[in-house]
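**Q** Structure below; questions to follow.
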Amino acid sequence: MMAYRLVECPSPNHDARDAAVDMLVLHYTGMKRADEALARLTDPTAKVSAHYTIGRDGRVYRHVPEDRRAWHAGVSYWAGARNINSRSIGIELVNPGHEFGYVPFTDEQIAALIDIAQEIMARHAIAPARVVGHSDVAPSRKEDPGELFPWKTLAEYGIGLWPRLGEGTAPESALAEFGYGLPPDVECKSQTVVKAFQRRFRPEKMDGLWDHACGARLASLLAQARAMS
């Protein structure tokens with residue numbers, strides 16, 4: 001049963017899908033206040049939207065029906081696919097972000113996210129490995145939801161993956177097998193992709209340099225993804 005409070009806050013910024021939903025993309029709003037973020041996500045001139053926004057009090061705002069394509073990921077790439085908007089549900093969490101004073105997410109936000117994400121994943125049969133952050137699919141442009149986002153906690157509820165140590169090591173080139181990378185016509189240094197991986201899975205070290213610890217985490221993630229496929 002739905003435990004969060006759902007508020008209708010429709011956006012005109014959506015269009016038809018041309019692919020089945022198989023991804024969930026998580027963002028932060030990156031604006032000073034929640035009302036500013038909601039205004040932008042529902043402004044037809046802004047041409048951006050998401051399916052849902054979660055306020056810092058845990059309130060969930062619904063902007064776009066799940067059967068429609070919201071405009072949240074922009075130029076993006078994951079596991080060979082470029083049009084991430086067509087195949088994903090997008091959820092924004094209210095947070096000023098790195099530009100305006102990045103702060104931890106609230107317990108109320110994460111509780112609501114866990115509830116709604118589990119519902120979405122069940123409705124669309126989204127695999128845990130297909131739950132990603134905006135910075136995962138657009139590493140050259142985006143940092144959200146950022147290094148303070150509790151990916152480990154979400155993974156405990158089956159939302160996304162979190163590495164376990166002791167499953168060997170993997171080379172940097174194996175990032176592509178997990179999903180990371182960019183099409184060859186997009187300029188992006190490999191260091192940028194490594195930093196995106198670190199921001200999510202090793203936030204204590206975000207220097208863009210691959211090492212054994214990164215390899216151990218990636219090996220674990222790949223093993224988990226393969227076991228679930």
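Scheme for the structure tokens: letters A, B, ... for chains in order shown; per-chain residue numbers from 1; ligand numbers from 1 in order shown.
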Can you tell me, as a list in words, what residues are no more than 6 Å from region 145-160 of chain A when counting only C-alpha atoms, ignoring any on the same chain fewer than 3 positions away?
**A** His27, Tyr28, Pro104, Pro128, Ala129, Val131, Arg199 and Pro203 of chain A
**Q** Quick one: everything within 12 Å of region 171-177 of chain A, counting only C-alpha atoms, minus sequence neighbours fewer than 5 positions away in the same chain. Send it as a PDB file with N, CA and C atoms, in the first residue's frame.
**A**
ATOM      1  N   TYR A  77      23.620   8.184 -22.092  1.00  0.00           N
ATOM      2  CA  TYR A  77      24.042   6.897 -22.654  1.00  0.00           C
ATOM      3  C   TYR A  77      24.173   5.881 -21.524  1.00  0.00           C
ATOM      4  N   TRP A  78      23.661   4.667 -21.776  1.00  0.00           N
ATOM      5  CA  TRP A  78      23.852   3.588 -20.814  1.00  0.00           C
ATOM      6  C   TRP A  78      23.732   2.241 -21.529  1.00  0.00           C
ATOM      7  N   ALA A  79      24.747   1.433 -21.384  1.00  0.00           N
ATOM      8  CA  ALA A  79      24.727   0.059 -21.896  1.00  0.00           C
ATOM      9  C   ALA A  79      24.297  -0.014 -23.366  1.00  0.00           C
ATOM     10  N   GLY A  80      24.840   0.886 -24.161  1.00  0.00           N
ATOM     11  CA  GLY A  80      24.575   0.859 -25.592  1.00  0.00           C
ATOM     12  C   GLY A  80      23.397   1.688 -26.045  1.00  0.00           C
ATOM     13  N   ALA A  81      22.609   2.193 -25.112  1.00  0.00           N
ATOM     14  CA  ALA A  81      21.420   2.977 -25.476  1.00  0.00           C
ATOM     15  C   ALA A  81      21.698   4.460 -25.306  1.00  0.00           C
ATOM     16  N   ALA A 129      20.227  -3.508 -11.469  1.00  0.00           N
ATOM     17  CA  ALA A 129      21.374  -2.947 -12.182  1.00  0.00           C
ATOM     18  C   ALA A 129      20.978  -1.828 -13.134  1.00  0.00           C
ATOM     19  N   ASP A 136      25.583   8.897 -13.839  1.00  0.00           N
ATOM     20  CA  ASP A 136      25.992   7.644 -14.477  1.00  0.00           C
ATOM     21  C   ASP A 136      25.750   7.693 -15.983  1.00  0.00           C
ATOM     22  N   VAL A 137      24.622   8.272 -16.387  1.00  0.00           N
ATOM     23  CA  VAL A 137      24.259   8.269 -17.807  1.00  0.00           C
ATOM     24  C   VAL A 137      24.737   9.512 -18.545  1.00  0.00           C
ATOM     25  N   LEU A 182      30.369   6.444 -23.170  1.00  0.00           N
ATOM     26  CA  LEU A 182      29.717   7.432 -24.015  1.00  0.00           C
ATOM     27  C   LEU A 182      29.878   7.014 -25.466  1.00  0.00           C
ATOM     28  N   PRO A 183      28.926   7.374 -26.309  1.00  0.00           N
ATOM     29  CA  PRO A 183      29.087   7.091 -27.732  1.00  0.00           C
ATOM     30  C   PRO A 183      30.371   7.733 -28.250  1.00  0.00           C
ATOM     31  N   SER A 190      38.174   9.389 -20.271  1.00  0.00           N
ATOM     32  CA  SER A 190      37.885   8.215 -19.446  1.00  0.00           C
ATOM     33  C   SER A 190      37.916   8.576 -17.969  1.00  0.00           C
ATOM     34  N   GLN A 191      38.734   9.556 -17.582  1.00  0.00           N
ATOM     35  CA  GLN A 191      38.816   9.986 -16.195  1.00  0.00           C
ATOM     36  C   GLN A 191      37.471  10.504 -15.707  1.00  0.00           C
ATOM     37  N   VAL A 193      34.494   9.402 -16.671  1.00  0.00           N
ATOM     38  CA  VAL A 193      33.643   8.237 -16.425  1.00  0.00           C
ATOM     39  C   VAL A 193      34.055   7.555 -15.127  1.00  0.00           C
ATOM     40  N   VAL A 194      35.359   7.435 -14.900  1.00  0.00           N
ATOM     41  CA  VAL A 194      35.840   6.828 -13.654  1.00  0.00           C
ATOM     42  C   VAL A 194      35.358   7.642 -12.454  1.00  0.00           C
ATOM     43  N   LYS A 195      35.406   8.959 -12.550  1.00  0.00           N
ATOM     44  CA  LYS A 195      34.953   9.803 -11.447  1.00  0.00           C
ATOM     45  C   LYS A 195      33.467   9.614 -11.181  1.00  0.00           C
ATOM     46  N   ALA A 196      32.671   9.433 -12.233  1.00  0.00           N
ATOM     47  CA  ALA A 196      31.246   9.171 -12.045  1.00  0.00           C
ATOM     48  C   ALA A 196      31.035   7.855 -11.303  1.00  0.00           C
ATOM     49  N   PHE A 197      31.821   6.846 -11.654  1.00  0.00           N
ATOM     50  CA  PHE A 197      31.749   5.559 -10.962  1.00  0.00           C
ATOM     51  C   PHE A 197      32.127   5.735  -9.492  1.00  0.00           C
ATOM     52  N   GLN A 198      33.202   6.478  -9.247  1.00  0.00           N
ATOM     53  CA  GLN A 198      33.633   6.712  -7.869  1.00  0.00           C
ATOM     54  C   GLN A 198      32.595   7.509  -7.085  1.00  0.00           C
ATOM     55  N   GLY A 208      39.133  10.319 -10.194  1.00  0.00           N
ATOM     56  CA  GLY A 208      39.113   9.901 -11.588  1.00  0.00           C
ATOM     57  C   GLY A 208      40.208   8.922 -11.962  1.00  0.00           C
ATOM     58  N   LEU A 209      40.944   8.427 -10.978  1.00  0.00           N
ATOM     59  CA  LEU A 209      42.053   7.499 -11.243  1.00  0.00           C
ATOM     60  C   LEU A 209      41.652   6.086 -10.836  1.00  0.00           C
ATOM     61  N   TRP A 210      41.787   5.169 -11.765  1.00  0.00           N
ATOM     62  CA  TRP A 210      41.412   3.780 -11.508  1.00  0.00           C
ATOM     63  C   TRP A 210      42.469   3.102 -10.660  1.00  0.00           C
ATOM     64  N   ASP A 211      42.040   2.322  -9.684  1.00  0.00           N
ATOM     65  CA  ASP A 211      42.981   1.572  -8.861  1.00  0.00           C
ATOM     66  C   ASP A 211      42.353   0.237  -8.469  1.00  0.00           C
ATOM     67  N   HIS A 212      43.075  -0.531  -7.643  1.00  0.00           N
ATOM     68  CA  HIS A 212      42.611  -1.866  -7.271  1.00  0.00           C
ATOM     69  C   HIS A 212      41.270  -1.812  -6.539  1.00  0.00           C
ATOM     70  N   ALA A 213      41.091  -0.809  -5.684  1.00  0.00           N
ATOM     71  CA  ALA A 213      39.838  -0.705  -4.940  1.00  0.00           C
ATOM     72  C   ALA A 213      38.651  -0.483  -5.872  1.00  0.00           C
ATOM     73  N   CYS A 214      38.845   0.341  -6.900  1.00  0.00           N
ATOM     74  CA  CYS A 214      37.782   0.524  -7.893  1.00  0.00           C
ATOM     75  C   CYS A 214      37.495  -0.791  -8.603  1.00  0.00           C
ATOM     76  N   GLY A 215      38.562  -1.489  -8.962  1.00  0.00           N
ATOM     77  CA  GLY A 215      38.412  -2.761  -9.666  1.00  0.00           C
ATOM     78  C   GLY A 215      37.673  -3.795  -8.842  1.00  0.00           C
ATOM     79  N   ALA A 216      37.927  -3.809  -7.536  1.00  0.00           N
ATOM     80  CA  ALA A 216      37.241  -4.760  -6.667  1.00  0.00           C
ATOM     81  C   ALA A 216      35.753  -4.462  -6.591  1.00  0.00           C
ATOM     82  N   ARG A 217      35.415  -3.190  -6.528  1.00  0.00           N
ATOM     83  CA  ARG A 217      34.003  -2.812  -6.487  1.00  0.00           C
ATOM     84  C   ARG A 217      33.302  -3.156  -7.797  1.00  0.00           C
ATOM     85  N   LEU A 218      33.953  -2.875  -8.900  1.00  0.00           N
ATOM     86  CA  LEU A 218      33.334  -3.172 -10.192  1.00  0.00           C
ATOM     87  C   LEU A 218      33.159  -4.668 -10.385  1.00  0.00           C
ATOM     88  N   ALA A 219      34.144  -5.464  -9.959  1.00  0.00           N
ATOM     89  CA  ALA A 219      34.021  -6.922 -10.087  1.00  0.00           C
ATOM     90  C   ALA A 219      32.800  -7.428  -9.337  1.00  0.00           C
ATOM     91  N   SER A 220      32.577  -6.892  -8.149  1.00  0.00           N
ATOM     92  CA  SER A 220      31.413  -7.303  -7.366  1.00  0.00           C
ATOM     93  C   SER A 220      30.112  -6.908  -8.055  1.00  0.00           C
ATOM     94  N   LEU A 221      30.062  -5.697  -8.576  1.00  0.00           N
ATOM     95  CA  LEU A 221      28.852  -5.231  -9.257  1.00  0.00           C
ATOM     96  C   LEU A 221      28.544  -6.074 -10.488  1.00  0.00           C
ATOM     97  N   LEU A 222      29.580  -6.396 -11.250  1.00  0.00           N
ATOM     98  CA  LEU A 222      29.376  -7.226 -12.441  1.00  0.00           C
ATOM     99  C   LEU A 222      28.888  -8.609 -12.058  1.00  0.00           C
ATOM    100  N   ALA A 223      29.450  -9.178 -10.989  1.00  0.00           N
ATOM    101  CA  ALA A 223      29.019 -10.514 -10.546  1.00  0.00           C
ATOM    102  C   ALA A 223      27.555 -10.491 -10.138  1.00  0.00           C
ATOM    103  N   ALA A 225      25.217  -8.328 -11.144  1.00  0.00           N
ATOM    104  CA  ALA A 225      24.384  -8.083 -12.323  1.00  0.00           C
ATOM    105  C   ALA A 225      24.222  -9.355 -13.147  1.00  0.00           C
ATOM    106  N   ARG A 226      25.320 -10.099 -13.319  1.00  0.00           N
ATOM    107  CA  ARG A 226      25.245 -11.343 -14.095  1.00  0.00           C
ATOM    108  C   ARG A 226      24.342 -12.358 -13.406  1.00  0.00           C
TER     109      ARG A 226
END
**Q** Check which residues of region 73-148 of chain A sit at most 9 Å from region 50-59 of chain A using only C-alpha atoms, and return one row each with the closest pair of atoms and their distance in Å to one decimal, ordered by chain and rising number, as JSON lines.
**A**
{"residue": "A:Ala73", "atom": "CA", "partner": "A:Ala50", "partner_atom": "CA", "distance": 8.8}
{"residue": "A:Ile89", "atom": "CA", "partner": "A:His51", "partner_atom": "CA", "distance": 6.3}
{"residue": "A:Gly90", "atom": "CA", "partner": "A:Ala50", "partner_atom": "CA", "distance": 5.1}
{"residue": "A:Ile91", "atom": "CA", "partner": "A:Tyr52", "partner_atom": "CA", "distance": 4.9}
{"residue": "A:Glu92", "atom": "CA", "partner": "A:Thr53", "partner_atom": "CA", "distance": 4.5}
{"residue": "A:Leu93", "atom": "CA", "partner": "A:Ile54", "partner_atom": "CA", "distance": 4.8}
{"residue": "A:Val94", "atom": "CA", "partner": "A:Gly55", "partner_atom": "CA", "distance": 5.3}
{"residue": "A:Asn95", "atom": "CA", "partner": "A:Arg56", "partner_atom": "CA", "distance": 7.8}
{"residue": "A:Phe105", "atom": "CA", "partner": "A:Arg56", "partner_atom": "CA", "distance": 7.4}
{"residue": "A:Thr106", "atom": "CA", "partner": "A:Arg56", "partner_atom": "CA", "distance": 6.0}
{"residue": "A:Asp107", "atom": "CA", "partner": "A:Gly58", "partner_atom": "CA", "distance": 8.1}
{"residue": "A:Glu108", "atom": "CA", "partner": "A:Gly58", "partner_atom": "CA", "distance": 4.5}
{"residue": "A:Gln109", "atom": "CA", "partner": "A:Gly58", "partner_atom": "CA", "distance": 4.3}
{"residue": "A:Ile110", "atom": "CA", "partner": "A:Gly58", "partner_atom": "CA", "distance": 7.6}
{"residue": "A:Ala111", "atom": "CA", "partner": "A:Gly58", "partner_atom": "CA", "distance": 7.3}
{"residue": "A:Ala112", "atom": "CA", "partner": "A:Gly58", "partner_atom": "CA", "distance": 5.5}
{"residue": "A:Leu113", "atom": "CA", "partner": "A:Ile54", "partner_atom": "CA", "distance": 7.3}
**Q** For each of A:Gly168, A:Gly179, A:Pro96, A:Gly74, take the minimum atom-to-atom distance to Asp35 (chain A), counting only C-alpha atoms, then give the residue where this is smallest.
**A**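 That would be A:Pro96, the residue with the smallest distance to Asp35 (chain A).
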**Q** List as a list in words the protein and nucleic acid residues near His63 (chain A), meaning an atom at most 10 Å away when only C-alpha atoms are counted, but skip any in the same chain fewer than 4 places from it.
**A**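 The neighbour list is Val7, Glu8, Cys9, Pro10, Ser11, Pro12, Asn13, His14, Leu38, Leu41, Thr42, Ser49, Ala50, His51, Tyr52, Thr53, Ala70 and Ile91 of chain A.
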**Q** Write to file, as a compact mmCIF listing (two decimals), in the first residue's frame, the residues of the selection just made, with C-alpha atoms.
**A**
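As written to disk, result_0.txt reads:
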# COMPACT_ATOMS: atom_id res chain seq x y z
CA VAL A 7 0.34 15.32 -4.96
CA GLU A 8 -0.67 15.92 -8.56
CA CYS A 9 1.56 18.58 -10.13
CA PRO A 10 1.24 18.00 -13.88
CA SER A 11 3.82 19.11 -16.42
CA PRO A 12 3.12 19.64 -20.12
CA ASN A 13 6.67 18.61 -20.95
CA HIS A 14 6.38 15.06 -22.24
CA LEU A 38 8.53 22.56 -9.29
CA LEU A 41 9.61 21.22 -14.14
CA THR A 42 6.10 22.37 -15.06
CA SER A 49 10.36 17.48 -16.64
CA ALA A 50 10.45 14.29 -14.62
CA HIS A 51 7.83 11.75 -13.73
CA TYR A 52 8.07 12.54 -10.01
CA THR A 53 9.72 14.95 -7.58
CA ALA A 70 9.48 12.82 -19.53
CA ILE A 91 12.63 10.90 -10.22
**Q** Which neighbours of His124 (chain A) fall inside 12 Å, counting only C-alpha atoms, when residues of the same chain fewer than 3 positions from it are skipped, and could you give them as a list in words?
**A**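 Listing them by chain and then by number gives Ala20, Val21, Asp22, Met23, Leu24, Glu66, Asp67, Arg87, Ser88, Ile89, Ala117, Gln118, Glu119, Ile120, Met121, Ala127, Pro128, Arg130 and Val131 of chain A.
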**Q** May I have the residues from that selection written out with C-alpha atoms, as a CSV table (one decimal), in the first residue's frame?
**A**
chain,number,residue,atom,x,y,z
A,20,ALA,CA,9.7,-0.1,-23.2
A,21,VAL,CA,10.6,1.2,-19.8
A,22,ASP,CA,13.5,-0.7,-18.3
A,23,MET,CA,15.4,1.9,-16.4
A,24,LEU,CA,15.0,4.2,-13.4
A,66,GLU,CA,4.6,6.7,-16.5
A,67,ASP,CA,3.5,5.7,-20.0
A,87,ARG,CA,13.2,3.9,-21.7
A,88,SER,CA,13.3,5.3,-18.2
A,89,ILE,CA,11.3,6.7,-15.3
A,117,ALA,CA,10.9,3.1,-6.5
A,118,GLN,CA,9.9,-0.4,-5.4
A,119,GLU,CA,6.5,0.1,-7.0
A,120,ILE,CA,8.0,1.4,-10.2
A,121,MET,CA,10.5,-1.4,-10.5
A,127,ALA,CA,16.4,-4.9,-12.8
A,128,PRO,CA,18.4,-3.5,-9.9
A,130,ARG,CA,19.2,-0.7,-14.3
A,131,VAL,CA,18.7,1.8,-11.5
**Q** Between CA of Arg40 (chain A) and CA of Ile114 (chain A), what is the distance, to one decimal in Å?
**A**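 Going from CA of Arg40 (chain A) over to CA of Ile114 (chain A), I get 24.7 Å.
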**Q** Any chance you could list, as a PyMOL selection string, the residues in region 6-212 of chain A that come up alpha helix (DSSP H) when DSSP is run on the backbone?
**A** chain A and resi 34-41+97-100+107-124+134-137+151-156+175-178+190-201+212
**Q** Could you pull out the strand (DSSP E or B) residues of region 27-89 of chain A, going by DSSP on the backbone, and write them as a PDB file with C-alpha atoms, in the first residue's frame?
**A**
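out-v6.pdb written:
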ATOM      1  CA  HIS A  27      18.332  13.082  -9.926  1.00  0.00           C
ATOM      2  CA  TYR A  28      18.513  16.024  -7.581  1.00  0.00           C
ATOM      3  CA  TYR A  52       8.065  12.535 -10.009  1.00  0.00           C
ATOM      4  CA  THR A  53       9.716  14.954  -7.584  1.00  0.00           C
ATOM      5  CA  ILE A  54      10.200  14.108  -3.910  1.00  0.00           C
ATOM      6  CA  VAL A  60       5.783  13.034  -3.845  1.00  0.00           C
ATOM      7  CA  TYR A  61       4.735  15.271  -6.744  1.00  0.00           C
ATOM      8  CA  ARG A  62       3.561  13.514  -9.891  1.00  0.00           C
ATOM      9  CA  ARG A  68       4.774   8.995 -21.398  1.00  0.00           C
ATOM     10  CA  ARG A  69       8.373  10.116 -21.963  1.00  0.00           C
ATOM     11  CA  ALA A  70       9.483  12.823 -19.526  1.00  0.00           C
ATOM     12  CA  TRP A  78      23.852   3.588 -20.814  1.00  0.00           C
ATOM     13  CA  ALA A  81      21.420   2.977 -25.476  1.00  0.00           C
ATOM     14  CA  SER A  88      13.254   5.320 -18.222  1.00  0.00           C
ATOM     15  CA  ILE A  89      11.267   6.740 -15.339  1.00  0.00           C
TER      16      ILE A  89
END
**Q** Mind giving me the straight-line distance from CA of Glu204 (chain A) to CA of Gly30 (chain A) in Å, one decimal?
**A**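 Computed distance, CA of Glu204 (chain A) to CA of Gly30 (chain A), equals 21.6 Å.
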**Q** Give the answer as one residue: which of A:Val75, A:Leu161, A:Met206, A:Val48 has the shortest atom-to-atom distance to Val132 (chain A), using only C-alpha atoms?
**A**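 Checking each candidate against Val132 (chain A), we get A:Leu161 as the closest.
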**Q** Which distance in Å separates CA of Ser140 (chain A) and CA of Thr192 (chain A), to one decimal?
**A**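 These two atoms are separated by 6.3 Å.
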